[in-house]
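Some notes on the structure that comes next.
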Amino acid sequence: MASSSADCITREVAKDVWTISRPFLRYNFIPFGGRSTAIKLSNGDVWALVSTPLNEAMKAKLGEMGPVKWLIGADAVHHLFLGEFKKAYPDAKIVAVDEAIKEHAAEGLKADGAWGADLPNTKYGFEEDIQHCYFSGYKNKDVAFFHAASKTMITADLIFNLPATEQYSMTGTSAKVPVFGQLSPYTWAHKFLLWTMDVDKQAMKRDVKTVAGWDFNRIIPCHGDVIENDGKKAWMEAYKSYFD
């Protein structure tokens, strides 16, 4: 089930898992697309990975889903709208990577949890439904998430799947990536990009293997189309150099 409003597409990709997809230009010319993800937890609360502006369509969908209790900043760059969401949902708890939280210090935004500052095995309260793995060895300090009930992995910048066809489907403009045409886990360009983001190979090997141990079939990236099937295969291909 999907609905659209202006250039925003709201879609239920699995039971209780909704994506809010919209166009976004990286460096003002690469059609990356943007996506937030909202999940209704087993206790009725809503967990939201915040990566796009809070527009009326997203407000309406979150209102239908239930009380928003978790606002997630998934890496050091996907945090611009945390303050906006916190104002709309003041009772929600913010959990984000430490670098993102520091970016909001001047506005007085306080977090209830910080990957990279908290102890590695810290539990935040949503782990019964969603597991998480913090990639300390990745330049953007990404966190991968696993929603077991839907066999879905959610990530900001650990996986790309361009062109962003869904995210640009309402714009009338092309989603084709300049020069390369595409940037998917099976392309050399994707592997090269991941290599440039590696700042600690041993930590990357550890965390890549942790995610590989999750039983997921779908990947929801922030940039590009949702990988609806064979998500584990895509992960293993993208990161195959990290497996001995």
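Each chain in the structure tokens gets a letter, A, B, ..., in the order shown, and its residues are numbered from 1; ligands are numbered from 1 in order too.
Every protein or nucleic acid residue with an atom no more than 9 Å from Lys205 in chain A, counting only C-alpha atoms and leaving out same-chain residues fewer than 2 positions away, appears here: Gly137, Asp200, Lys201, Gln202, Ala203, Asp207, Val208, Lys209, Thr210, Tyr239, Ser241, Tyr242, Phe243 and Asp244 of chain A.
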Range 108-173 of chain A near range 217-220 of chain A within 8 Å: what's each residue's closest atom pair and its distance in Å to one decimal, counting only C-alpha atoms, ordered by chain then ascending residue number, as a Markdown table?
```
| residue | atom | partner | partner_atom | distance |
| --- | --- | --- | --- | --- |
| A:Lys151 | CA | A:Asn217 | CA | 5.6 |
| A:Thr152 | CA | A:Arg218 | CA | 4.7 |
| A:Met153 | CA | A:Ile219 | CA | 4.8 |
| A:Ile154 | CA | A:Ile220 | CA | 4.7 |
| A:Thr155 | CA | A:Ile220 | CA | 6.4 |
```
Restrict the selected residues to all heavy atoms and save them as a PDB file, in the first residue's frame.
```pdb
ATOM      1  N   LYS A 151      12.089  -9.222   8.721  1.00  0.00           N
ATOM      2  CA  LYS A 151      13.346  -9.616   8.093  1.00  0.00           C
ATOM      3  C   LYS A 151      13.929  -8.466   7.263  1.00  0.00           C
ATOM      4  O   LYS A 151      14.337  -8.637   6.119  1.00  0.00           O
ATOM      5  CB  LYS A 151      13.164 -10.871   7.232  1.00  0.00           C
ATOM      6  CG  LYS A 151      12.865 -12.122   8.046  1.00  0.00           C
ATOM      7  CD  LYS A 151      12.977 -13.377   7.216  1.00  0.00           C
ATOM      8  CE  LYS A 151      12.846 -14.615   8.086  1.00  0.00           C
ATOM      9  NZ  LYS A 151      13.046 -15.873   7.320  1.00  0.00           N
ATOM     10  N   THR A 152      13.972  -7.280   7.901  1.00  0.00           N
ATOM     11  CA  THR A 152      14.411  -6.074   7.221  1.00  0.00           C
ATOM     12  C   THR A 152      15.621  -5.457   7.908  1.00  0.00           C
ATOM     13  O   THR A 152      15.630  -5.307   9.126  1.00  0.00           O
ATOM     14  CB  THR A 152      13.275  -5.032   7.190  1.00  0.00           C
ATOM     15  OG1 THR A 152      12.148  -5.591   6.505  1.00  0.00           O
ATOM     16  CG2 THR A 152      13.707  -3.760   6.492  1.00  0.00           C
ATOM     17  N   MET A 153      16.631  -5.107   7.118  1.00  0.00           N
ATOM     18  CA  MET A 153      17.762  -4.334   7.606  1.00  0.00           C
ATOM     19  C   MET A 153      17.600  -2.911   7.112  1.00  0.00           C
ATOM     20  O   MET A 153      17.236  -2.680   5.952  1.00  0.00           O
ATOM     21  CB  MET A 153      19.088  -4.934   7.115  1.00  0.00           C
ATOM     22  CG  MET A 153      20.321  -4.399   7.854  1.00  0.00           C
ATOM     23  SD  MET A 153      21.041  -2.949   7.094  1.00  0.00           S
ATOM     24  CE  MET A 153      22.106  -3.719   5.879  1.00  0.00           C
ATOM     25  N   ILE A 154      17.849  -1.933   7.991  1.00  0.00           N
ATOM     26  CA  ILE A 154      17.712  -0.524   7.653  1.00  0.00           C
ATOM     27  C   ILE A 154      19.063   0.156   7.848  1.00  0.00           C
ATOM     28  O   ILE A 154      19.739  -0.081   8.848  1.00  0.00           O
ATOM     29  CB  ILE A 154      16.643   0.158   8.522  1.00  0.00           C
ATOM     30  CG1 ILE A 154      15.319  -0.602   8.453  1.00  0.00           C
ATOM     31  CG2 ILE A 154      16.418   1.604   8.093  1.00  0.00           C
ATOM     32  CD1 ILE A 154      14.951  -1.306   9.732  1.00  0.00           C
ATOM     33  N   THR A 155      19.435   1.005   6.895  1.00  0.00           N
ATOM     34  CA  THR A 155      20.726   1.675   6.983  1.00  0.00           C
ATOM     35  C   THR A 155      20.661   3.041   6.316  1.00  0.00           C
ATOM     36  O   THR A 155      19.817   3.281   5.441  1.00  0.00           O
ATOM     37  CB  THR A 155      21.833   0.838   6.309  1.00  0.00           C
ATOM     38  OG1 THR A 155      23.062   1.565   6.322  1.00  0.00           O
ATOM     39  CG2 THR A 155      21.488   0.502   4.876  1.00  0.00           C
TER      40      THR A 155
END
```
Hey, what's within 12 Å of Gly213 in chain A if we count only C-alpha atoms and toss same-chain stuff fewer than 6 positions away? As a ChimeraX atom specification, please? /A:131,133,146,148,153,206-207,232,235-236
Fewer than 6 positions away in the same chain doesn't count, so skip those; otherwise give me all residues within 12 Å of Glu64 in chain A, counting only C-alpha atoms, as an MDAnalysis selection string. chainID A and resid 16 18 38:40 44:46 57:58
If DSSP is run on the backbone, what residues of range 78-191 of chain A are strand (DSSP E or B)? A reply as a VMD selection string would be ideal. chain A and resid 93 to 97 113 to 115 130 to 134 138 143 to 147 152 to 155 161 to 162 177 181 183
Quick one: of A:Ala76, A:Ala164, A:Ala106, A:Met197, who's nearest to Gly181 in chain A, counting only C-alpha atoms? A:Ala164
Which residues are close to Leu162 in chain A, i.e. within 6 Å by only C-alpha atoms, leaving aside same-chain residues fewer than 3 positions away? Reply as a PDB file with N, CA, C and O atoms, in the first residue's frame.
```
ATOM      1  N   GLN A 182      24.381   3.861 -12.391  1.00  0.00           N
ATOM      2  CA  GLN A 182      23.839   3.253 -11.191  1.00  0.00           C
ATOM      3  C   GLN A 182      24.921   3.103 -10.124  1.00  0.00           C
ATOM      4  O   GLN A 182      26.111   3.164 -10.419  1.00  0.00           O
ATOM      5  N   LEU A 183      24.475   2.903  -8.910  1.00  0.00           N
ATOM      6  CA  LEU A 183      25.386   2.672  -7.786  1.00  0.00           C
ATOM      7  C   LEU A 183      24.695   1.667  -6.875  1.00  0.00           C
ATOM      8  O   LEU A 183      23.978   2.025  -5.949  1.00  0.00           O
ATOM      9  N   SER A 184      24.894   0.391  -7.183  1.00  0.00           N
ATOM     10  CA  SER A 184      24.247  -0.681  -6.427  1.00  0.00           C
ATOM     11  C   SER A 184      25.315  -1.568  -5.807  1.00  0.00           C
ATOM     12  O   SER A 184      26.496  -1.485  -6.174  1.00  0.00           O
ATOM     13  N   GLY A 224      18.329   5.514  -2.685  1.00  0.00           N
ATOM     14  CA  GLY A 224      18.087   4.519  -3.721  1.00  0.00           C
ATOM     15  C   GLY A 224      16.917   3.614  -3.377  1.00  0.00           C
ATOM     16  O   GLY A 224      16.309   3.725  -2.312  1.00  0.00           O
TER      17      GLY A 224
END
```
Assign secondary structure with DSSP using the backbone only, and return the residues of range 6-243 of chain A in helix (DSSP H, G or I) as an MDAnalysis selection string. chainID A and resid 56:65 82:88 98:103 105:107 148:150 188:197 201:212 231:238 240:242
Report as a PyMOL selection string all protein, DNA and RNA residues lying within 7 Å of Pro23 in chain A, evaluated on only C-alpha atoms, omitting residues in the same chain fewer than 2 positions from it. chain A and resi 25+33-34+167-168
Quick check, in Å to one decimal: how far apart do CA of Arg11 in chain A and CA of Thr173 in chain A lie? 20.5 Å
